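Heads up, model-v7.csv below (CSV, C-alpha atoms):
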```csv
chain,number,residue,atom,x,y,z
Q,246,MET,CA,101.7,-116.5,-17.3
Q,247,VAL,CA,98.9,-118.8,-16.2
Q,248,GLY,CA,96.9,-116.1,-14.3
Q,249,ALA,CA,97.1,-113.0,-12.2
Q,250,ILE,CA,95.3,-111.3,-9.4
Q,251,VAL,CA,95.5,-107.6,-9.7
Q,252,LEU,CA,95.1,-105.3,-6.7
Q,253,ASN,CA,93.3,-102.1,-8.0
Q,254,ASP,CA,92.0,-98.9,-6.5
Q,255,TYR,CA,94.1,-99.0,-3.4
Q,256,THR,CA,93.2,-96.5,-0.7
Q,257,PRO,CA,95.6,-96.9,2.2
Q,258,GLY,CA,93.9,-98.1,5.4
Q,259,LYS,CA,90.5,-98.4,3.7
Q,260,ASN,CA,89.8,-100.4,0.5
Q,261,ILE,CA,91.5,-102.4,-2.2
Q,262,GLU,CA,89.8,-104.1,-5.2
Q,263,MET,CA,90.9,-107.7,-5.9
Q,264,THR,CA,90.5,-108.7,-9.6
Q,265,GLY,CA,91.4,-112.2,-10.7
Q,266,HIS,CA,92.1,-113.0,-14.3
Q,267,SER,CA,93.2,-116.3,-15.8
Q,268,ASN,CA,92.3,-119.6,-17.2
Q,269,ALA,CA,93.8,-121.1,-14.1
Q,270,ASN,CA,91.7,-122.4,-11.3
Q,271,TRP,CA,92.3,-120.3,-8.2
Q,272,SER,CA,92.0,-122.3,-5.0
Q,273,PRO,CA,90.4,-120.9,-1.9
Q,274,LYS,CA,93.8,-121.1,-0.2
Q,275,ASP,CA,95.3,-118.8,-3.0
Q,276,VAL,CA,92.5,-116.2,-2.5
Q,277,ARG,CA,92.8,-116.5,1.3
Q,278,ASP,CA,96.5,-115.8,1.2
Q,279,ILE,CA,96.1,-112.8,-1.0
Q,280,ALA,CA,93.2,-111.5,1.2
Q,281,ARG,CA,95.4,-112.0,4.3
Q,282,TYR,CA,98.1,-109.9,2.7
Q,283,CYS,CA,95.5,-107.2,1.8
Q,284,PHE,CA,94.0,-107.1,5.3
Q,285,GLY,CA,97.4,-106.1,6.7
Q,286,ARG,CA,96.9,-102.9,4.8
Q,287,VAL,CA,93.2,-102.2,4.4
Q,288,ARG,CA,89.9,-102.9,6.3
Q,289,ARG,CA,87.9,-103.8,3.2
Q,290,ILE,CA,88.3,-105.9,0.0
Q,291,THR,CA,86.1,-105.5,-3.0
Q,292,ALA,CA,85.8,-108.3,-5.6
Q,293,ARG,CA,83.7,-108.8,-8.6
Q,294,THR,CA,83.1,-111.7,-11.0
Q,295,SER,CA,80.8,-112.7,-13.8
Q,296,MET,CA,77.4,-114.0,-12.9
Q,297,LYS,CA,78.3,-117.0,-15.2
Q,298,ASN,CA,81.4,-117.9,-13.0
Q,299,GLU,CA,79.7,-120.2,-10.5
Q,300,LYS,CA,83.0,-121.6,-9.2
Q,301,ALA,CA,84.3,-118.1,-8.3
Q,302,ILE,CA,81.0,-117.1,-6.7
Q,303,LYS,CA,81.0,-120.3,-4.5
Q,304,MET,CA,84.6,-119.8,-3.5
Q,305,LEU,CA,84.2,-116.1,-2.6
Q,306,GLU,CA,81.1,-116.9,-0.5
Q,307,ALA,CA,82.9,-119.8,1.1
Q,308,ILE,CA,85.7,-117.5,2.2
Q,309,GLY,CA,83.2,-115.0,3.6
Q,310,PHE,CA,82.6,-112.4,0.9
Q,311,LYS,CA,79.1,-111.0,0.9
Q,312,ARG,CA,77.2,-110.1,-2.3
Q,313,GLU,CA,76.7,-106.4,-2.4
Q,314,GLY,CA,75.3,-105.7,-5.8
Q,315,VAL,CA,75.1,-106.3,-9.6
Q,316,LEU,CA,76.8,-104.3,-12.3
Q,317,ARG,CA,74.6,-104.7,-15.3
Q,318,ASP,CA,76.2,-105.5,-18.6
Q,319,TRP,CA,79.7,-105.2,-17.1
Q,320,PHE,CA,81.2,-108.0,-19.1
Q,321,ASP,CA,80.7,-108.5,-22.8
Q,322,ASP,CA,78.5,-111.6,-22.2
Q,323,ALA,CA,77.3,-111.2,-18.6
Q,324,ASP,CA,76.5,-109.0,-15.6
Q,325,ALA,CA,79.0,-108.8,-12.7
Q,326,ILE,CA,78.4,-109.5,-9.1
Q,327,VAL,CA,80.1,-107.2,-6.6
Q,328,PHE,CA,81.4,-108.8,-3.4
Q,329,GLY,CA,82.8,-107.2,-0.2
Q,330,LEU,CA,84.7,-108.5,2.8
Q,331,LEU,CA,85.4,-106.5,5.9
Q,332,ARG,CA,88.4,-107.2,8.1
Q,333,SER,CA,86.0,-107.0,11.1
Q,334,GLU,CA,83.8,-109.8,9.8
Q,335,GLN,CA,86.2,-112.3,8.3
Q,336,ARG,CA,88.1,-115.2,9.7
Q,337,ILE,CA,91.2,-115.0,7.5
Q,338,TYR,CA,93.4,-112.3,9.2
Q,339,ARG,CA,93.6,-112.2,12.9
```

How does this structure look as structure tokens?
Amino acid sequence: MVGAIVLNDYTPGKNIEMTGHSNANWSPKDVRDIARYCFGRVRRITARTSMKNEKAIKMLEAIGFKREGVLRDWFDDADAIVFGLLRSEQRIYR
């Protein structure tokens, strides 16, 4: 397995948490496709990444995710940034 995106904390019609884990480089298209799938079921997607993962941060923001907060000392070596994307404010799923 090269990588995985896990969909956690699913609340039907409301929220799902998208967690990516891998050494693979996820493309914006990969993440958009997964988000499109999620928006068929929920109205909000939550994502988080390490503050050190500049590539993931840029990609999430480019897709439309908004920074919502910081989880201090979340990872062994860094804080985490929490992102959110609402179906009503995105351009992925129409």

- Message: To one decimal place in Å, what is the distance between CA of Met304 (chain Q) and CA of Gly265 (chain Q)?
- Response: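 Answer for the CA of Met304 (chain Q) to CA of Gly265 (chain Q) separation: 12.5 Å.
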
- Message: Would you pick out the contacts of Arg288 (chain Q) at 8 Å or less, using all atoms listed in the file, so that residues sharing its chain but fewer than 6 positions from it are not included, and give the list as a list in words?
- Response: Gly258, Lys259, Asn260, Leu331, Arg332 and Ser333 of chain Q

- Two-atom distance - CA of Val287 (chain Q), CA of Leu252 (chain Q) (Å):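 Computing the Euclidean distance for CA of Val287 (chain Q) and CA of Leu252 (chain Q) yields 11.7 Å.
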
- Message: Can you pull out the residues contacting Gly314 (chain Q)? Cut-off 12 Å, using only C-alpha atoms, and skip same-chain residues under 2 positions away; I want them as a list of chain:residue names.
- Response: Q:Thr291, Q:Ala292, Q:Arg293, Q:Thr294, Q:Ser295, Q:Met296, Q:Phe310, Q:Lys311, Q:Arg312, Q:Leu316, Q:Arg317, Q:Asp324, Q:Ala325, Q:Ile326, Q:Val327, Q:Phe328, Q:Gly329

- Q:Asp278, Q:Asp321, Q:Met263, Q:Ile290: which is nearest Glu334 (chain Q), counting all atoms listed in the file?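 Looking at the shortest contact to Glu334 (chain Q), the residue is Q:Ile290.
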
- Item | Option closest in space to Leu305 (chain Q), from Q:Ala323, Q:Val276, Q:Ala249, Q:Ile261 [counting only C-alpha atoms] | Q:Val276

- Task: Could you tell me which of Q:Leu330, Q:Gly309, Q:Asn298, Q:Pro257 comes closest to Gly285 (chain Q) if we count only C-alpha atoms?
- Result: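 The answer is Q:Pro257, which sits nearest to Gly285 (chain Q).
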
- Message: What does the structure give for the distance between CA of Ile308 (chain Q) and CA of Arg336 (chain Q), in Å to one decimal?
- Response: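 Calculated distance between CA of Ile308 (chain Q) and CA of Arg336 (chain Q) is 8.2 Å.
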
- Message: Considering all atoms listed in the file, can you say which of Q:Pro273, Q:Phe320, Q:Cys283, Q:Thr256 comes closest to Lys300 (chain Q)?
- Response: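 Once distances to Lys300 (chain Q) are computed over all atoms listed in the file, the minimum belongs to Q:Pro273.
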
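In this comparison, which uses all atoms listed in the file, the residue of Q:Arg289, Q:Val315, Q:Ala301, Q:Glu306 approaching Asn270 (chain Q) most closely is Q:Ala301.
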